[in-house]
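Source file: entry_31.txt; contents: compact mmCIF, C-alpha atoms.
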# COMPACT_ATOMS: atom_id res chain seq x y z
CA MET A 248 101.51 120.90 76.96
CA LYS A 249 103.56 117.82 76.28
CA ILE A 250 105.72 116.66 79.15
CA LYS A 251 108.44 114.10 78.82
CA PRO A 252 111.47 113.27 80.98
CA MET A 253 113.94 116.08 80.60
CA LYS A 254 117.17 115.19 78.84
CA LEU A 255 120.01 117.28 77.51
CA ASN A 256 120.97 116.38 73.95
CA HIS A 257 123.73 118.78 73.01
CA SER A 258 126.57 117.68 70.75
CA LYS A 259 130.09 117.25 71.99
CA GLN A 260 131.06 120.25 69.86
CA TRP A 261 128.47 122.34 71.66
CA TYR A 262 130.16 121.56 74.96
CA GLU A 263 133.59 122.35 73.48
CA ASP A 264 132.41 125.73 72.28
CA ARG A 265 130.34 126.67 75.32
CA ILE A 266 132.81 125.54 77.97
CA ALA A 267 135.53 127.49 76.20
CA LEU A 268 133.38 130.57 76.77
CA GLU A 269 132.82 129.69 80.43
CA GLY A 270 136.52 129.22 81.13
CA ASP A 271 137.32 129.75 84.78
CA ALA A 272 134.38 132.06 85.45
CA GLU A 273 132.59 131.86 88.77
CA ILE A 274 129.01 130.64 88.39
CA GLY A 275 127.27 130.88 91.75
CA ALA A 276 123.70 132.16 91.95
CA GLY A 277 121.17 132.25 94.76
CA THR A 278 120.69 133.54 98.26
CA PRO A 279 123.70 135.51 99.48
CA PRO A 280 125.54 135.16 102.78
CA GLY A 281 123.75 136.04 105.97
CA VAL A 282 120.28 135.08 104.80
CA ARG A 283 120.49 131.35 105.40
CA ALA A 284 122.83 129.86 107.93
CA LYS A 285 124.55 126.49 107.61
CA THR A 286 123.13 125.28 110.92
CA PRO A 287 119.52 125.72 112.01
CA ALA A 288 120.83 127.50 115.13
CA LYS A 289 120.54 130.77 113.21
CA SER A 290 116.99 130.17 111.99
CA LYS A 291 114.07 132.45 112.79
CA VAL A 292 111.60 129.77 113.98
CA THR A 293 109.15 131.43 116.36
CA PRO A 294 107.15 129.93 119.24
CA VAL A 295 104.07 130.04 117.00
CA ASP A 296 105.89 127.94 114.39
CA THR A 297 106.67 125.19 116.89
CA ARG A 298 103.24 125.36 118.50
CA ILE A 299 101.76 124.60 115.11
CA ALA A 300 103.92 121.48 115.09
CA PHE A 301 102.97 120.71 118.69
CA GLY A 302 99.26 120.96 117.95
CA THR A 303 99.65 118.91 114.78
CA PHE A 304 101.61 116.28 116.68
CA VAL A 305 98.94 115.97 119.37
CA ALA A 306 96.23 115.64 116.72
CA LEU A 307 98.15 113.06 114.70
CA TRP A 308 99.11 111.04 117.77
CA ARG A 309 95.46 110.93 118.74
CA ARG A 310 94.26 110.00 115.24
CA ASN A 311 96.96 107.39 114.92
CA ARG A 312 95.40 105.70 117.92
CA GLY A 313 91.93 106.09 116.47
CA TRP A 314 90.95 108.35 119.36
CA ASP A 315 88.72 111.36 119.29
CA VAL A 316 89.44 114.39 121.49
CA ALA A 317 87.23 113.07 124.29
CA ALA A 318 89.17 109.81 124.46
CA LEU A 319 92.54 111.60 124.71
CA ALA A 320 91.11 113.97 127.32
CA GLU A 321 89.91 111.03 129.39
CA ALA A 322 93.25 109.20 129.14
CA ALA A 323 95.16 112.31 130.20
CA ALA A 324 92.59 113.49 132.76
CA LEU A 325 92.30 116.79 130.92
CA ASP A 326 89.55 119.09 129.74
CA PRO A 327 88.67 118.30 126.07
CA GLN A 328 88.38 122.02 125.31
CA GLY A 329 92.00 122.52 126.28
CA ILE A 330 93.08 119.79 123.87
CA LEU A 331 91.04 121.36 121.09
CA GLU A 332 92.75 124.71 121.72
CA ILE A 333 96.15 123.05 121.56
CA GLU A 334 95.35 121.33 118.27
CA ARG A 335 93.75 124.31 116.56
CA ASP A 336 95.20 127.56 117.91
CA PRO A 337 98.99 128.09 117.72
CA HIS A 338 98.60 131.24 119.78
CA TYR A 339 97.14 129.31 122.69
CA GLU A 340 99.69 128.68 125.44
CA PRO A 341 98.88 125.52 127.41
CA GLU A 342 99.70 125.07 131.08
CA PRO A 343 102.92 123.10 131.72
CA ASP A 344 100.97 120.52 133.67
CA VAL A 345 98.73 119.87 130.66
CA VAL A 346 101.74 119.23 128.47
CA ARG A 347 103.27 116.91 131.08
CA LYS A 348 100.06 114.90 131.24
CA LEU A 349 99.95 114.59 127.46
CA ALA A 350 103.59 113.50 127.44
CA GLY A 351 102.69 110.83 129.98
CA VAL A 352 99.95 109.47 127.72
CA PHE A 353 102.26 109.61 124.67
CA GLY A 354 105.03 107.82 126.57
CA LEU A 355 107.49 110.63 125.87
CA SER A 356 109.71 112.82 127.99
CA PRO A 357 107.90 116.08 128.76
CA LYS A 358 110.95 118.27 128.05
CA PRO A 359 110.82 118.32 124.22
CA LEU A 360 107.05 118.81 124.27
CA LEU A 361 107.37 121.69 126.75
CA GLU A 362 109.93 123.21 124.41
CA LEU A 363 107.65 122.84 121.39
CA ALA A 364 104.76 124.34 123.35
CA GLY A 365 106.95 127.37 124.00
CA LEU A 366 106.89 126.86 127.76
CA ILE A 367 110.60 126.36 128.32
CA LYS A 368 113.67 127.89 126.75
CA PRO A 369 114.62 126.14 123.48
CA GLY A 370 117.37 123.57 123.94
CA THR A 371 118.57 122.52 120.51
CA PRO A 372 117.44 124.34 117.38
CA GLN A 373 117.39 121.03 115.49
CA LEU A 374 114.26 119.95 117.35
CA ARG A 375 112.45 123.13 116.41
CA GLU A 376 113.47 122.77 112.78
CA ALA A 377 112.35 119.14 112.77
CA ALA A 378 109.03 120.26 114.23
CA VAL A 379 108.48 122.88 111.55
CA ARG A 380 109.27 120.42 108.77
CA PHE A 381 106.96 117.86 110.34
CA ALA A 382 104.10 120.33 110.53
CA ALA A 383 104.60 121.34 106.92
CA ARG A 384 104.12 117.74 105.79
CA SER A 385 101.06 116.99 107.84
CA GLU A 386 97.45 117.52 106.86
CA SER A 387 94.49 117.78 109.20
CA VAL A 388 92.28 115.20 107.53
CA ALA A 389 90.49 112.41 109.30
CA ALA A 390 92.78 109.47 108.69
CA LEU A 391 96.58 109.39 108.65
CA ASN A 392 97.85 108.66 105.19
CA ASP A 393 101.16 106.86 104.60
CA ARG A 394 103.02 110.11 104.19
CA GLU A 395 101.65 111.48 107.46
CA ARG A 396 102.43 108.28 109.29
CA GLU A 397 105.99 108.36 108.00
CA ALA A 398 106.38 111.99 109.04
CA PHE A 399 104.77 111.31 112.39
CA GLU A 400 107.02 108.35 113.18
CA ALA A 401 110.12 110.23 112.16
CA PHE A 402 109.13 113.11 114.41
CA VAL A 403 108.47 110.82 117.38
CA SER A 404 111.92 109.40 116.82
CA ALA A 405 113.40 112.90 116.75
CA ILE A 406 111.61 113.87 119.95
CA SER A 407 112.68 110.68 121.69
CA LYS A 408 116.33 111.30 120.80
CA LYS A 409 116.23 114.75 122.40
CA VAL A 410 115.48 113.33 125.89
CA MET B 323 114.96 110.25 87.71
CA THR B 324 116.49 110.87 84.27
CA GLU B 325 120.19 110.81 83.51
CA SER B 326 121.70 112.76 80.61
CA ARG B 327 125.16 112.23 79.25
CA ILE B 328 126.99 115.52 79.31
CA TYR B 329 130.59 116.70 79.14
CA LEU B 330 132.85 118.67 81.42
CA GLN B 331 136.34 119.83 80.55
CA ARG B 332 139.33 118.66 82.56
CA ALA B 333 141.21 121.90 83.14
CA LYS B 334 144.64 120.26 83.22
CA THR B 335 144.35 118.78 79.74
CA ASN B 336 141.54 120.89 78.20
CA LYS B 337 139.97 117.61 77.11
CA LEU B 338 136.27 116.80 77.45
CA VAL B 339 135.34 114.14 79.97
CA GLU B 340 132.02 112.31 79.98
CA ALA B 341 129.78 113.09 82.97
CA SER B 342 126.16 112.65 84.08
CA LEU B 343 123.44 115.19 84.72
CA LEU B 344 120.69 113.84 87.00
CA ASP B 345 117.37 115.65 87.19
CA GLU B 346 116.96 114.91 90.88
CA VAL B 347 119.27 115.49 93.85
CA THR B 348 119.09 112.29 95.88
CA ASP B 349 120.23 111.40 99.39
CA ARG B 350 123.30 109.87 97.79
CA HIS B 351 124.21 113.23 96.25
CA LEU B 352 123.62 114.98 99.57
CA ALA B 353 125.90 112.46 101.28
CA MET B 354 128.53 113.23 98.64
CA TRP B 355 128.05 116.94 99.27
CA GLU B 356 128.48 116.46 103.00
CA GLY B 357 131.39 114.04 102.70
CA SER B 358 133.46 115.85 100.08
CA TRP B 359 132.34 119.42 99.42
CA CYS B 360 131.97 120.43 103.06
CA PRO B 361 135.44 119.35 104.24
CA ALA B 362 137.03 120.96 101.19
CA MET B 363 135.15 124.18 101.83
CA GLU B 364 136.00 124.15 105.55
CA ALA B 365 139.66 123.62 104.78
CA TYR B 366 139.66 126.55 102.42
CA CYS B 367 137.79 128.87 104.79
CA GLU B 368 139.97 128.13 107.81
CA GLY B 369 141.86 131.21 108.83
CA ARG B 370 140.15 133.39 106.24
CA THR B 371 138.07 136.40 107.16
CA ALA B 372 134.41 136.51 106.19
CA GLY B 373 135.12 138.77 103.25
CA ASN B 374 137.57 136.28 101.80
CA GLN B 375 135.33 133.25 101.99
CA PRO B 376 133.21 131.93 99.08
CA GLU B 377 129.79 133.57 99.12
CA ASP B 378 128.02 130.21 99.37
CA HIS B 379 130.28 128.48 101.91
CA HIS B 380 127.52 128.49 104.52
CA TRP B 381 124.85 126.87 102.34
CA ASP B 382 123.34 123.75 103.83
CA TRP B 383 122.01 121.66 100.92
CA LYS B 384 120.61 118.98 103.23
CA TRP B 385 118.52 121.51 105.08
CA LYS B 386 117.35 122.98 101.81
CA ALA B 387 116.42 119.50 100.50
CA ASP B 388 113.93 119.01 103.33
CA GLU B 389 112.18 122.21 102.33
CA TRP B 390 111.91 121.69 98.59
CA ARG B 391 111.28 117.97 98.20
CA PRO B 392 107.58 117.96 99.13
CA LEU B 393 106.83 120.78 96.70
CA LEU B 394 105.86 120.25 93.06
CA GLY B 395 107.23 123.55 91.89
CA TYR B 396 110.87 122.78 92.69
CA HIS B 397 113.30 120.78 90.58
CA SER B 398 116.84 119.80 91.51
CA PHE B 399 119.84 118.76 89.45
CA ALA B 400 123.16 117.11 90.20
CA ILE B 401 126.26 116.60 88.05
CA VAL B 402 128.43 113.59 88.74
CA CYS B 403 131.78 112.96 87.08
CA GLU B 404 134.44 110.38 87.95
CA LYS B 405 132.22 109.29 90.85
CA ASP B 406 132.37 112.73 92.47
CA LEU B 407 129.63 115.31 92.82
CA GLN B 408 130.58 118.25 90.65
CA GLY B 409 127.55 120.55 90.75
CA LEU B 410 124.17 121.12 92.41
CA MET B 411 121.23 123.26 91.37
CA LEU B 412 117.74 123.95 92.65
CA VAL B 413 115.16 125.75 90.49
CA SER B 414 111.51 126.71 90.87
CA ASP B 415 108.94 126.94 88.09
CA PHE B 416 106.23 129.28 89.39
CA LYS B 417 107.88 132.72 89.37
CA SER B 418 107.19 135.38 86.77
CA ALA B 419 109.44 137.28 84.42
CA ARG B 420 110.20 140.94 85.14
CA LEU B 421 111.82 141.90 81.86
CA ARG B 422 109.35 144.03 79.92
CA VAL B 423 109.41 141.91 76.77
CA GLN B 424 108.23 138.88 78.76
CA PHE B 425 106.69 140.49 81.78
CA GLY B 426 104.40 138.21 83.80
CA LYS B 427 105.24 135.06 81.84
CA PRO B 428 106.52 132.17 83.94
CA VAL B 429 110.23 131.50 84.14
CA VAL B 430 112.35 128.74 85.55
CA TYR B 431 114.07 130.55 88.39
CA VAL B 432 117.44 129.35 89.62
CA GLU B 433 117.11 129.31 93.40
CA PHE B 434 120.68 128.10 94.02
CA VAL B 435 123.49 126.75 91.89
CA ALA B 436 127.03 125.86 92.90
CA THR B 437 130.04 124.00 91.59
CA ALA B 438 132.22 121.75 93.75
CA PRO B 439 134.99 123.54 95.70
CA TRP B 440 137.73 121.88 93.63
CA ASN B 441 136.23 123.29 90.43
CA ARG B 442 136.62 126.87 91.57
CA PRO B 443 139.75 128.68 90.36
CA GLU B 444 139.61 130.93 93.43
CA LEU B 445 140.00 127.82 95.63
CA ARG B 446 142.26 125.64 93.52
CA LYS B 447 144.57 126.35 90.63
CA PRO B 448 144.06 124.87 88.18
CA PRO B 449 140.48 123.84 88.94
CA ARG B 450 139.59 120.21 88.33
CA PHE B 451 136.72 120.62 85.86
CA ARG B 452 135.21 123.45 83.86
CA GLY B 453 131.69 123.58 82.46
CA VAL B 454 129.39 123.05 85.46
CA GLY B 455 127.84 126.47 84.98
CA THR B 456 127.22 125.86 81.30
CA VAL B 457 125.57 122.51 81.96
CA MET B 458 123.37 123.88 84.71
CA VAL B 459 122.19 126.83 82.63
CA ALA B 460 121.49 124.39 79.80
CA ALA B 461 119.47 122.24 82.21
CA ALA B 462 117.44 125.21 83.42
CA VAL B 463 116.76 126.30 79.84
CA GLU B 464 115.78 122.79 78.81
CA LEU B 465 113.42 122.45 81.76
CA SER B 466 111.92 125.82 80.88
CA TRP B 467 111.35 124.55 77.37
CA GLU B 468 109.78 121.30 78.58
CA LEU B 469 107.39 123.23 80.82
CA GLY B 470 106.24 125.38 77.92
CA TYR B 471 108.13 128.46 79.08
CA ARG B 472 110.19 128.55 75.84
CA GLY B 473 113.54 128.67 77.58
CA ARG B 474 112.88 131.68 79.82
CA ILE B 475 114.94 131.60 83.00
CA GLY B 476 115.78 134.02 85.79
CA LEU B 477 118.32 134.17 88.61
CA HIS B 478 120.07 136.37 91.12
CA SER B 479 123.75 136.17 90.32
CA LEU B 480 126.39 136.25 93.01
CA GLU B 481 128.48 139.31 92.23
CA ALA B 482 131.56 137.36 91.22
CA ALA B 483 129.52 135.37 88.67
CA GLU B 484 127.98 138.28 86.77
CA ARG B 485 130.46 138.03 83.93
CA PHE B 486 129.44 134.42 83.31
CA TYR B 487 125.70 135.12 83.12
CA ARG B 488 125.98 138.41 81.24
CA ASP B 489 128.75 137.72 78.80
CA HIS B 490 128.91 133.95 78.41
CA CYS B 491 125.23 133.08 78.71
CA GLY B 492 123.99 136.29 77.08
CA MET B 493 121.43 137.06 79.78
CA THR B 494 119.93 140.50 80.42
CA LYS B 495 120.66 142.29 83.68
CA LEU B 496 117.73 144.05 85.29
CA GLY B 497 119.77 145.68 88.01
CA LYS B 498 120.41 145.13 91.68
CA ASP B 499 117.40 143.77 93.52
CA ARG B 500 116.80 145.53 96.83
CA GLY B 501 114.32 142.80 97.71
CA HIS B 502 117.07 140.21 97.41
CA GLN B 503 119.95 141.63 99.41
CA GLY B 504 121.03 143.81 96.51
CA LEU B 505 122.04 140.92 94.27
CA PRO B 506 121.87 141.60 90.52
CA TYR B 507 118.90 139.95 88.83
CA TYR B 508 119.26 138.43 85.36
CA GLU B 509 116.81 136.95 82.90
CA MET B 510 117.17 134.98 79.71
CA THR B 511 114.59 135.67 77.01
CA GLU B 512 113.22 133.15 74.55
CA LYS B 513 115.54 134.50 71.83
CA GLN B 514 118.55 134.39 74.14
CA ALA B 515 117.63 130.83 75.12
CA GLU B 516 117.41 129.84 71.47
CA ARG B 517 120.89 131.28 70.85
CA PHE B 518 122.25 129.54 73.95
CA ARG B 519 120.91 126.18 72.81
CA GLN B 520 122.45 126.42 69.35
CA MET C 824 112.23 116.02 87.81
CA ILE C 825 109.50 115.83 85.16
CA GLU C 826 107.29 112.81 85.64
CA ASN C 827 105.95 110.85 82.71
CA ASN C 828 102.96 109.03 84.25
CA LYS C 829 100.08 111.52 84.14
CA ARG C 830 96.43 111.05 84.96
CA THR C 831 93.53 112.82 83.28
CA MET C 832 90.96 114.92 85.08
CA THR C 833 87.85 116.69 83.75
CA LEU C 834 87.58 120.22 85.06
CA ASN C 835 84.21 121.96 85.22
CA LEU C 836 84.51 125.74 85.16
CA THR C 837 81.95 128.51 85.06
CA PRO C 838 82.04 130.75 81.97
CA ARG C 839 83.67 133.43 84.09
CA GLU C 840 86.36 131.05 85.37
CA MET C 841 87.00 129.81 81.85
CA ALA C 842 87.35 133.39 80.64
CA VAL C 843 89.94 134.07 83.34
CA LEU C 844 91.77 130.85 82.50
CA GLU C 845 91.91 131.77 78.81
CA GLN C 846 93.06 135.30 79.60
CA LEU C 847 95.85 133.99 81.85
CA ALA C 848 96.87 131.41 79.26
CA SER C 849 97.18 134.14 76.67
CA ALA C 850 99.04 136.53 78.99
CA LYS C 851 101.47 133.86 80.14
CA ASP C 852 101.81 132.17 76.77
CA LEU C 853 100.83 128.84 78.23
CA SER C 854 98.19 126.26 77.44
CA LYS C 855 95.19 126.19 79.76
CA THR C 856 96.60 122.99 81.25
CA GLY C 857 99.89 124.78 81.75
CA VAL C 858 98.16 127.54 83.67
CA MET C 859 96.36 125.07 85.92
CA ARG C 860 99.58 123.21 86.66
CA LEU C 861 101.35 126.50 87.41
CA ALA C 862 98.53 127.50 89.76
CA LEU C 863 98.79 124.17 91.57
CA ARG C 864 102.51 124.58 92.16
CA LEU C 865 102.15 128.14 93.30
CA LEU C 866 99.33 127.32 95.69
CA GLN C 867 101.24 124.41 97.19
CA ALA C 868 104.35 126.54 97.72
CA VAL C 869 102.37 129.38 99.28
CA ASP C 870 100.35 126.99 101.42
CA SER C 871 103.48 125.36 102.79
CA LYS C 872 104.64 128.73 104.09
CA THR C 873 101.31 129.95 105.43
CA ARG C 874 100.84 126.71 107.35
CA LEU C 875 104.05 127.55 109.19
CA GLY C 876 102.54 130.82 110.29
CA GLN C 877 104.01 133.04 107.58
CA LYS C 878 101.97 135.52 105.54
CA LEU C 879 101.91 136.23 101.82
CA MET C 880 102.55 139.95 101.40
CA PHE C 881 102.62 142.38 98.52
CA GLU C 882 104.92 145.37 98.66
CA ASP C 883 104.40 148.63 96.83
CA GLU C 884 107.71 149.30 95.11
CA LYS C 885 107.52 153.06 95.56
CA SER C 886 106.05 153.48 99.01
CA LYS C 887 107.34 150.18 100.43
CA GLU C 888 103.93 149.75 101.97
CA LYS C 889 103.09 146.10 102.58
CA SER C 890 99.68 144.55 102.36
CA GLU C 891 98.68 141.02 103.11
CA LEU C 892 97.12 138.63 100.62
CA VAL C 893 94.71 136.59 102.65
CA LEU C 894 94.44 133.04 101.41
CA LEU C 895 91.64 130.59 101.92
What is this file in structure tokens?
Amino acid sequence: MKIKPMKLNHSKQWYEDRIALEGDAEIGAGTPPGVRAKTPAKSKVTPVDTRIAFGTFVALWRRNRGWDVAALAEAAALDPQGILEIERDPHYEPEPDVVRKLAGVFGLSPKPLLELAGLIKPGTPQLREAAVRFAARSESVAALNDREREAFEAFVSAISKKV
Amino acid sequence: MTESRIYLQRAKTNKLVEASLLDEVTDRHLAMWEGSWCPAMEAYCEGRTAGNQPEDHHWDWKWKADEWRPLLGYHSFAIVCEKDLQGLMLVSDFKSARLRVQFGKPVVYVEFVATAPWNRPELRKPPRFRGVGTVMVAAAVELSWELGYRGRIGLHSLEAAERFYRDHCGMTKLGKDRGHQGLPYYEMTEKQAERFRQ
Amino acid sequence: MIENNKRTMTLNLTPREMAVLEQLASAKDLSKTGVMRLALRLLQAVDSKTRLGQKLMFEDEKSKEKSELVLL
């Protein structure tokens, strides 16, 4: 299958004829009202969705530092098994104290991380949406690639702004 | 990104005006959407009940952009004329045809398409430009052709736009789709695409 | 946007996989390369949703019964 950059090459007459047919007709197509809201406040992001982002964030933060799970556990004075559960199982609900300790190591306010972990009531829906987009762009491979680093840094910035 | 020279019609004079079709919606286009379409739409919707508002007035193209950009199977298009954004479209290329004559064959599916608020006769009389729908259908058909799908496209038409897709584009209606909020689903066959391109 | 700078890859398939690829190419009126590219797009789109915790479901049109397609 030959692929080349897509270009339209219709004659001016073609446009004259076709647009005359279109006239003042309405042309909209796609998802109807009520299915997608203009603001993320009406989204259906669940606690599991944001915990996926939370776990991914913890893993990427750790890998960005070149740390294994044991090193992060030692820095945060936490059980390594608990960190593994956070990174791998979105259904696992960590203790608030665990999240606070991780926030301390990351140098971030605990509030947005507690929200992502599903431990406190969601504040702004924008953070949850940012978390879901971040998780979608991140892969769980050994080293951060440029794309992951970019996504990671943007997410840290988003979390920091929500303080 | 590829730019094609296209034409829209200025409604006031019925004369063709040169415009550009871009095969990628960029941040610049999204900024234009936010800076010009949104205020115009808000102004129109103010004071109107939900039933009297355009069906797509709530669409958030910026939010949608974050979803589709990482994915190979999505393609976006923008029309710019006289330095203003005139139309936006998002399509996907991995859905299958439902029409019996082409059942199971891949189609370019129009996820969303919209013309600028000032181009809509229901919002402004006369509208500024005509032809955004024609250009966008042509773009979807051309992409379908380039992908080897021979011009096959599909879409769920907003109810007010059925006349355009059925009568002006010559597409086949498959009926209201209960899996898609009851919107009517249309497809264009290879033969219909060939006729449309002529 | 269609990109122009492509790279070539050699794909080793079993006879059974090749038979499936040829059957799909015929059914979908695509080249074998076209089928592989379509599969890649579809898998990426599905994967992006399942990684957010969503499931890929099939629905029986008549009974409305849903069943899950379990992926990888």
Chain C residues near chain A within 9 Å, closest pair each, using all atoms listed in the file, as a Markdown table:
| residue | atom | partner | partner_atom | distance |
| --- | --- | --- | --- | --- |
| C:Met824 | CA | A:Pro252 | CA | 7.4 |
| C:Ile825 | CA | A:Pro252 | CA | 5.3 |
| C:Glu826 | CA | A:Pro252 | CA | 6.3 |
| C:Asn827 | CA | A:Lys251 | CA | 5.6 |
| C:Leu853 | CA | A:Met248 | CA | 8.1 |
| C:Ser854 | CA | A:Met248 | CA | 6.3 |
| C:Lys855 | CA | A:Met248 | CA | 8.7 |
| C:Thr856 | CA | A:Met248 | CA | 6.8 |
| C:Gly857 | CA | A:Met248 | CA | 6.4 |
| C:Asp870 | CA | A:Ala383 | CA | 9.0 |
| C:Ser871 | CA | A:Ala383 | CA | 5.9 |
| C:Lys872 | CA | A:Ala383 | CA | 7.9 |
| C:Arg874 | CA | A:Ala383 | CA | 6.6 |
| C:Leu875 | CA | A:Asp296 | CA | 5.5 |
| C:Gly876 | CA | A:Asp296 | CA | 6.0 |
| C:Gln877 | CA | A:Asp296 | CA | 8.7 |
For the residues selected in the previous step, produce a file with C-alpha atoms as an mmCIF file, keeping the file's coordinate frame.
data_model
loop_
_atom_site.group_PDB
_atom_site.id
_atom_site.type_symbol
_atom_site.label_atom_id
_atom_site.label_comp_id
_atom_site.auth_asym_id
_atom_site.auth_seq_id
_atom_site.Cartn_x
_atom_site.Cartn_y
_atom_site.Cartn_z
ATOM 1 C CA MET C 824 112.230 116.020 87.810
ATOM 2 C CA ILE C 825 109.500 115.830 85.160
ATOM 3 C CA GLU C 826 107.290 112.810 85.640
ATOM 4 C CA ASN C 827 105.950 110.850 82.710
ATOM 5 C CA LEU C 853 100.830 128.840 78.230
ATOM 6 C CA SER C 854 98.190 126.260 77.440
ATOM 7 C CA LYS C 855 95.190 126.190 79.760
ATOM 8 C CA THR C 856 96.600 122.990 81.250
ATOM 9 C CA GLY C 857 99.890 124.780 81.750
ATOM 10 C CA ASP C 870 100.350 126.990 101.420
ATOM 11 C CA SER C 871 103.480 125.360 102.790
ATOM 12 C CA LYS C 872 104.640 128.730 104.090
ATOM 13 C CA ARG C 874 100.840 126.710 107.350
ATOM 14 C CA LEU C 875 104.050 127.550 109.190
ATOM 15 C CA GLY C 876 102.540 130.820 110.290
ATOM 16 C CA GLN C 877 104.010 133.040 107.580
#
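Between chain A and the residues B:Met510, B:Val429, B:Met323, B:Ile475, the shortest atom-to-atom distance, using all atoms listed in the file, involves B:Met323.
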Inset, instruction - Please identify every residue of chain C that has at least one atom no more than 10 Å from any atom of chain B, counting only C-alpha atoms, and report them as number ranges by chain. - result: C: 824-826, 847-854, 857-858, 860-868, 871, 882, 884
Inset, instruction - Can you work out which one of C:Lys829, C:Ser890, C:Lys885, C:Met859 has the shortest atom-to-atom distance to Glu845 of chain C, counting only C-alpha atoms? - result: C:Met859
Legend entry - Proximity to Ser342 of chain B - best of A:Leu255, A:Leu331, A:Ala323, A:Ala318, all atoms listed in the file: A:Leu255
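Between chain B and the residues A:Val316, A:Ala398, A:Leu361, A:Ala350, the shortest atom-to-atom distance, using all atoms listed in the file, involves A:Ala398.
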Legend entry - Nearby residues (only C-alpha atoms) at most 9 Å from Met493 of chain B, same-chain spacing under 5 positions excluded, as a PyMOL selection string: chain B and resi 476+487-488+508-511+514-515
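Nearest to chain A of all the residues B:His490, B:Arg420, B:Arg370, B:Arg450 is B:His490, based on all atoms listed in the file.
Put simply, atom CA of Ala333 of chain B is 5.4 Å away from atom CA of Phe451 of chain B.
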Give, as JSON, the centre coordinates and the x, y and z edge lengths in Å to one decimal for an axis-aligned box around all listed atoms of segment 355-364 of chain B, padded by 5 Å on each side.
{"center_x": 132.5, "center_y": 119.1, "center_z": 102.4, "size_x": 19.0, "size_y": 20.1, "size_z": 16.3}
Inset, instruction - Pick out the closest residue to Gly453 of chain B from this set: B:Cys367, B:Met354, B:Leu412, B:Ala436. Count all atoms listed in the file. - result: B:Ala436
Inset, instruction - Counting all atoms listed in the file, write as a list in words all protein and nucleic acid residues lying at most 10 Å from (103.7, 138.5, 101.0) in the file's frame. - result: Val869, Thr873, Gln877, Lys878, Leu879, Met880, Phe881, Glu882, Lys889, Ser890, Glu891, Leu892 and Val893 of chain C
